[in-house]
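Engineer: Here it is, the structure, as C-alpha cells.
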Amino acid sequence: MRACLAVLGLVLGAGEVRVGSKGFTESVVLGEIATRALAASGVPAAHVRELGGTRILWEALQRGDLDVYPEYTGTLAEEIFSGRVRSTLDAIRPALAASGVEVGAVLGFSNGYALGMRQPVAERLGIRRFSDLLRHPELRFAFSNEFLDRGDGWRALQRAYGFPQKDVRGMDHDLAYRGLEAGAVDVTDLYTTDAEIRALGLRVLEDDRRHFPDYQAVLLVRTGAATPQVRAALARLEGRISAPEMVAMNARAKLDHVPEARVAAEYLQGAGLASAPAQLPGVVDRFLKNLRDHLVLVAVSLAGAVLIGLPLGILAARRARLGQAVLGAVGILQTLPSLALLVLMIPLLGIGARPAIAALFLYGLLPVVRNTHAGLTGISAELREAAEALGLSRWTRLVRIDLPLASPSILAGIQTSAVICVGTATLGALVGAGGFGQPILTGIRLADVGLLLQGAVPAALLALAVQGAFELLGWWLIPRGLRFSGSEAR
Amino acid sequence: MTPLVLLDGVSRAFGGAMAVYSLTLEVARGRTTVLVGPSGSGKSTVLRMMVGLVRPDAGRVLFEGRPLTEASAPAERLRMGLVLQGGGLFPHLTVEGNVALVARHLGWPEPRIQARLDALLGRVQLPRAVLPRTPAELSGGQRQRVSLVRALMLEPALLLLDEPLGALDPIIRSELQDDLKATFHALETTVVLVTHDLAEAAYLGDTLVLLRDGRIVQEGTAADLVHRPADPFVERFVRAQRALPLGAQE
C-alpha cells in the first residue's frame with residue numbers, strides 16, 4: 001500500500017506547483033507559459049496538460065490537485081457561477097475568493113465570441129463594428145451549429161442588434177471557415193483568438209453594443225498555494241499577452257505544428273520574461289515517459305483487480321445467491337461508459353493517476369471475477385467429490401486442487417482484464433494521468449495524424465505484448481496435465 | 001464388536017423424490033459388502049452417506065460408533081478411501097502428485113511415502129514409470145488402478161468403490177476384478193462396493209445388499225439371493241443376468 005502511494009506521488013509529482021490546462025491549444029499554450037514563468041522565477045512547476053474540461057479543472061483546483069490554471073471570466077460567470085455573477089473582474093473576484101481561489105494575473109486579451117469577415121471584403125464594404133452589418137442585408141451568415149442553438153448565441157444577438165440578414169445557415173465550424181475562404185460565406189462566428197484569424201486574414205468585428213459577455217483570460221491560483229513567490233511570478237504576466245499575440249501563438253501551435261512548449265518558451269524569451277531557451281524533451285524521452293506512465297496505470301489497476309477480483313470470484317462460486325449479486329454488480333460496472341466513469345472519479349479522487357487507476361480497476365474486475373467463478377463452478381462433480389472425500393480442509397482443497405484446476409480460466413480472465421486496461425488507459429490522459437493517451441489527445445486536437453499514431457501504435461503494440469506475455473505465463477503457470485485438454489476440467 | 005459403519009434409519013430426498021427411504025444397514029469389519037441394484041435404487045447415495053458426501057435428511061450415520069457430522073467428516077475421511085467410476089484423478093497433478101497428495105500434506109517423510117507407493121504399485125501391477133505421467137496419459141484401466149492406489153495410500157479402515165469398473169471394456173474389467181478381489185483379501189480391509197452387475201457383486205462380495213427404490217430388498221450371500229429370493233423382484237433381478245449358452249454347441 002505504501003509502495004502504491006509512493007508510485008502515485010511520483011506520478012502526480014508531489015511538491016511542485018501544478019499547472020493545469022484544458023484540452024484546446026490556447027489553454028495548453030497558456031499552461032506552458034505559466035509553468036515556465038514560474039520555473040523562471042525559481043518556483044518548481046509541472047504542467048498537467050489537456051484535462052477533460054472546465055468542471056474537471058475547477059474541481060481539481062478546489063481539491064488542491066491543481067494550483068494554477070488558465071480560465072476566462074465569461075466561463076467562470078456562466079459555467080462555474082451559473083450566471084449568478086456578471087463576467088467582470090470586479091464581480092468575479094469576490095466570488096472566487098469565497099471558493100478559496102484568486103486571480104493570479106489578468107493576461108491582457110479576451111477570447112470571447114465575435115463575428116469575423118475576410119479582411120478585403122470588410123475593407124471594401126467599410127465594416128468595422130457589428131452595427132455596420134445592419135447596412136448590408138445581402139451578406140451571407142454561416143454559424144457553427146452550437147452558436148446557432150445557444151440561448152446567448154445567434155438569436156439573442158439578432159434581437160440585440162436587429163440584424164436583417166435572411167441567409168443564415170448552421171454548419172460545422174471548420175466548414176464555415178472553408179466557406180469564408182472560398183467566398184461562399186461572408187460572416188461567421190469565431191473566438192477572438194482563433195488561429196484561423198491569422199491564417200485566413202480575417203477581420204474581427206467589434207461588438208459595439210457589448211452583447212457578448214467578456215471572456216478575459218486570467219490565471220487562476222488556489223489561495224492555499226499562492227505563496228509570495230508564486231504571486232510574484234504570475235504577476236509578471238499581468239497584461240503581457242495581447243489578442244494578436246495570442247492569435248499568433250495559436251497559429252504557430254495549431255497550424256504550424258510547433259510544440260506548445262516551444263511556442264511558450266519563445267514567447268517568454270521575446271517578452272523578456274525568461275532567458276532559458278526551450279528545452280524540449282526528445283521523441284525518445286517522451287515515449288519513455290508515456291510508456292512508464294501507461295505501465296504504472298495498467299500494473300497498479302490490474303494488481304488491484306486481481307487482488308480483489310480473485311477472492312470475489314471464489315466467494316461468488318461458493319455462495320450461489322451472493323454470487324449472482326456479485327456478478328451482477330461487477331457486470332453493471334462494465335456497462336458504465338469509460339469516460340463517464342473517469343469523470344465520476346474526479347470528485348472522489350481528484351485528477352492524475354488516481355482516478356484513472358480507480359476506473360481501470362473497476363473495468364478490470366469483471367473478467368477476473370467472472371472467469372474465477374466460471375473456472376471454479378466448471379469443475380466436474382466427480383472431481384469435486386474426489387477432492388472432498390480426501391479429507392483435506394476447505395482451504396487446502398482450494399489452494400491445492402480447486403484453484404489449479406480453474407487456473408486456465410482464471411489466467412484467461414486476467415489476460416482479458418490486462419488487455420482491456422492497456423486499451424482503456426489511453427483515456428486516462430483526459431484526467432491528467434499521462435500515458436499513450438497523451439499524444440493521442442494532442443494528435444486529435446491538432447488533427448496531427450503522426451502525433452496520434454505516436455500514441456495509438458505503441459498502445460496497440462503494448463496490448464499485443466501483454467497478450468503474448470500472458471500466453472507465455474500460461475505455459476509456465478498452468479499445470480501440464482491441463483494443457484492437453486485446454487481449460488476443461490475432466 | 002460395533003460395526004465399522006452403521007446407517008441408522010437414514011432417509012434422503014432429492015428435489016422431492018426419495019432416493020433412500022428409512023434404511024438401516026451395518027457394514028461388518030474386514031468383509032466386502034456389495035450394494036447392488038438397478039439404476040436409481042439409491043445404492044450410490046447410500047455409499048456417499050458413508051463418506052459424508054451426502055447428508056441424510058433423517059437418521060444418522062455412525063463410523064466406528066461415532067456420528068459422522070459435517071464437522072467430524074474431514075478428519076474421519078482420512079481413514080477412508082474412495083474410488084469413483086471415472087477415477088476422479090486430478091488432471092493438474094501427476095500420478096505421484098495424485099497418490100501422495102494427502103500423505104505429503106500430512107507431512108509423511110518421503111521414504112515412507114516411497115515405500116508405500118512401491119508396495120501399492122506392486123499390489124495393483126503398475127510400474128513406477130507411471131508416476132510422472134498425468135492422468136490424461138493413462139488408459140482407463142490404469143486410471144482405475146491409480147485411483148485405487150490413491151484410496152489405499154493412508155491405509156484406510158474403510159474402502160469405498162462406486163461402480164469402479166463401470167466404464168471399462170470386458171477384458172480389462174475382468175482383469176481388474178481379479179486384482180480387486182486379490183487386493184481385498186490381501187489387505188483384509190473393510191470394503192463397500194457399488195455395482196449394478198450381479199455377477200461382479202457375487203464374485204467380489206462376501207455380503208450382497210440388494211436395493212430397490214431406496215430400500216433394502218434382501219441382504220445375504222450371493223447364494224441366498226439366487227436360491228432363496230426374498231420376493232419376485234429379487235428373482236427377476238437374478239434372472240436378468242444372462243448366462244452364455246456354453247456347452248450347447250457340439
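How things are named: the first chain in the C-alpha cells is A, the next is B, and so on; residues count from 1 in each chain; ligands count from 1 in the order shown.
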Write down as a short mmCIF file (atom, residue, chain, number, x, y, z; two decimals) with C-alpha atoms, in the first residue's frame the residues of segment 66-101 of chain B whose backbone DSSP state falls under alpha helix (DSSP H).
Structural biologist:
data_model
loop_
_atom_site.label_atom_id
_atom_site.label_comp_id
_atom_site.auth_asym_id
_atom_site.auth_seq_id
_atom_site.Cartn_x
_atom_site.Cartn_y
_atom_site.Cartn_z
CA ALA B 73 -16.25 -35.73 8.38
CA PRO B 74 -12.93 -34.21 7.15
CA ALA B 75 -10.93 -35.94 9.90
CA GLU B 76 -12.80 -39.25 9.52
CA ARG B 77 -12.25 -39.19 5.75
CA VAL B 95 0.09 -39.78 -10.90
CA GLU B 96 2.50 -39.39 -8.00
CA GLY B 97 1.02 -35.98 -7.15
CA ASN B 98 -2.46 -37.52 -7.04
CA VAL B 99 -1.49 -40.54 -4.99
CA ALA B 100 0.79 -38.80 -2.49
CA LEU B 101 -1.23 -35.56 -2.18
#
Engineer: Tell me the residues of chain B close to chain A, meaning within 7 Å using only C-alpha atoms, as a list in words.
Structural biologist: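 Residues satisfying the distance criterion: Val51, Pro74, Ala75, Arg77, Leu78, Leu82, Gly88, Phe90, Pro91, His92, Leu93, Thr134 and Ala136 of chain B.
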Engineer: Mind checking DSSP for segment 27-203 of chain B and telling me the strand (DSSP E or B) residues as a short mmCIF file (atom, residue, chain, number, x, y, z; two decimals) with N, CA and C atoms, in the first residue's frame?
Structural biologist:
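part-v3.cif, freshly written:
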data_model
loop_
_atom_site.label_atom_id
_atom_site.label_comp_id
_atom_site.auth_asym_id
_atom_site.auth_seq_id
_atom_site.Cartn_x
_atom_site.Cartn_y
_atom_site.Cartn_z
N VAL B 27 -22.27 -52.34 8.30
CA VAL B 27 -21.15 -52.82 7.49
C VAL B 27 -20.16 -53.51 8.43
N THR B 32 -16.25 -57.69 2.57
CA THR B 32 -16.61 -56.89 1.40
C THR B 32 -18.12 -56.91 1.25
N THR B 33 -18.72 -55.74 1.39
CA THR B 33 -20.16 -55.60 1.23
C THR B 33 -20.43 -54.95 -0.12
N VAL B 34 -21.29 -55.59 -0.90
CA VAL B 34 -21.59 -55.02 -2.22
C VAL B 34 -23.03 -54.53 -2.25
N LEU B 35 -23.17 -53.23 -2.58
CA LEU B 35 -24.51 -52.69 -2.77
C LEU B 35 -24.85 -52.89 -4.24
N VAL B 36 -25.93 -53.65 -4.48
CA VAL B 36 -26.27 -53.96 -5.85
C VAL B 36 -27.74 -53.61 -6.08
N ALA B 58 -32.88 -37.55 7.42
CA ALA B 58 -33.30 -38.11 8.71
C ALA B 58 -32.41 -39.32 9.00
N GLY B 59 -32.35 -39.72 10.25
CA GLY B 59 -31.49 -40.83 10.63
C GLY B 59 -30.06 -40.37 10.83
N ARG B 60 -29.16 -41.32 11.14
CA ARG B 60 -27.78 -40.91 11.37
C ARG B 60 -26.81 -41.95 10.85
N VAL B 61 -25.58 -41.48 10.63
CA VAL B 61 -24.51 -42.35 10.15
C VAL B 61 -23.47 -42.43 11.25
N LEU B 62 -23.11 -43.66 11.66
CA LEU B 62 -22.07 -43.83 12.67
C LEU B 62 -20.86 -44.48 12.02
N PHE B 63 -19.68 -43.90 12.25
CA PHE B 63 -18.44 -44.50 11.77
C PHE B 63 -17.64 -44.90 13.01
N ARG B 66 -18.98 -43.54 16.12
CA ARG B 66 -19.08 -42.08 16.29
C ARG B 66 -19.94 -41.50 15.18
N PRO B 67 -20.84 -40.55 15.52
CA PRO B 67 -21.66 -39.95 14.47
C PRO B 67 -20.80 -39.17 13.47
N MET B 80 -10.71 -43.15 5.35
CA MET B 80 -11.50 -43.80 4.30
C MET B 80 -10.82 -43.55 2.95
N GLY B 81 -11.08 -44.45 2.00
CA GLY B 81 -10.61 -44.21 0.65
C GLY B 81 -11.77 -44.36 -0.31
N LEU B 82 -11.82 -43.49 -1.33
CA LEU B 82 -12.96 -43.53 -2.25
C LEU B 82 -12.46 -43.66 -3.69
N VAL B 83 -13.04 -44.63 -4.42
CA VAL B 83 -12.73 -44.78 -5.85
C VAL B 83 -14.03 -44.54 -6.62
N LEU B 158 -11.68 -48.06 5.85
CA LEU B 158 -12.84 -48.34 5.00
C LEU B 158 -12.51 -47.93 3.57
N LEU B 159 -12.71 -48.89 2.64
CA LEU B 159 -12.50 -48.59 1.22
C LEU B 159 -13.85 -48.60 0.52
N LEU B 160 -14.16 -47.48 -0.15
CA LEU B 160 -15.45 -47.34 -0.82
C LEU B 160 -15.21 -47.24 -2.32
N LEU B 161 -16.00 -48.03 -3.09
CA LEU B 161 -15.83 -48.00 -4.55
C LEU B 161 -17.19 -47.86 -5.20
N ASP B 162 -17.34 -46.79 -6.04
CA ASP B 162 -18.63 -46.54 -6.69
C ASP B 162 -18.52 -46.92 -8.16
N THR B 190 -11.96 -53.35 5.25
CA THR B 190 -13.40 -53.35 5.05
C THR B 190 -13.71 -52.62 3.76
N VAL B 191 -14.53 -53.28 2.90
CA VAL B 191 -14.80 -52.71 1.58
C VAL B 191 -16.30 -52.59 1.38
N VAL B 192 -16.73 -51.44 0.83
CA VAL B 192 -18.10 -51.32 0.34
C VAL B 192 -18.02 -50.96 -1.12
N LEU B 193 -18.66 -51.78 -1.96
CA LEU B 193 -18.57 -51.58 -3.40
C LEU B 193 -19.98 -51.48 -3.98
N VAL B 194 -20.15 -50.56 -4.93
CA VAL B 194 -21.43 -50.40 -5.59
C VAL B 194 -21.32 -50.91 -7.01
N THR B 195 -22.26 -51.73 -7.42
CA THR B 195 -22.30 -52.17 -8.83
C THR B 195 -23.74 -52.51 -9.20
#
Engineer: Show me, as a count of residues only, the residues that have an atom within 6 Å of segment 411-425 of chain A when counting only C-alpha atoms, minus same-chain residues fewer than 5 positions from it.
Structural biologist: 7
Engineer: Show which residues sit within 6 Å of segment 218-232 of chain B, as number ranges by chain. Count only C-alpha atoms, and ignore same-chain residues fewer than 6 positions away.
Structural biologist: B: 202, 207-210
Engineer: Next, the residues of the selection above should be written as a PDB file, in the first residue's frame with C-alpha atoms.
Structural biologist:
ATOM      1  CA  ALA B 202     -21.220 -62.274  -6.465  1.00  0.00           C
ATOM      2  CA  THR B 207     -22.327 -59.903   1.606  1.00  0.00           C
ATOM      3  CA  LEU B 208     -24.700 -58.595  -1.063  1.00  0.00           C
ATOM      4  CA  VAL B 209     -27.246 -55.915  -0.307  1.00  0.00           C
ATOM      5  CA  LEU B 210     -29.909 -55.662  -2.998  1.00  0.00           C
TER       6      LEU B 210
END
Engineer: If we count only C-alpha atoms and set the cut-off at 10 Å, which residues sit around segment 88-99 of chain A, ignoring sequence neighbours fewer than 5 positions away in its own chain? Please answer as a list in words.
Structural biologist: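 In the requested form, the answer reads Leu61, Gln62, Thr73, Gly74, Leu76, Ala77, Ile80, Phe81, Val106, Pro213, Asp214, Tyr215, Gln216, Val218, Leu220, Val221, Arg222 and Thr223 of chain A.
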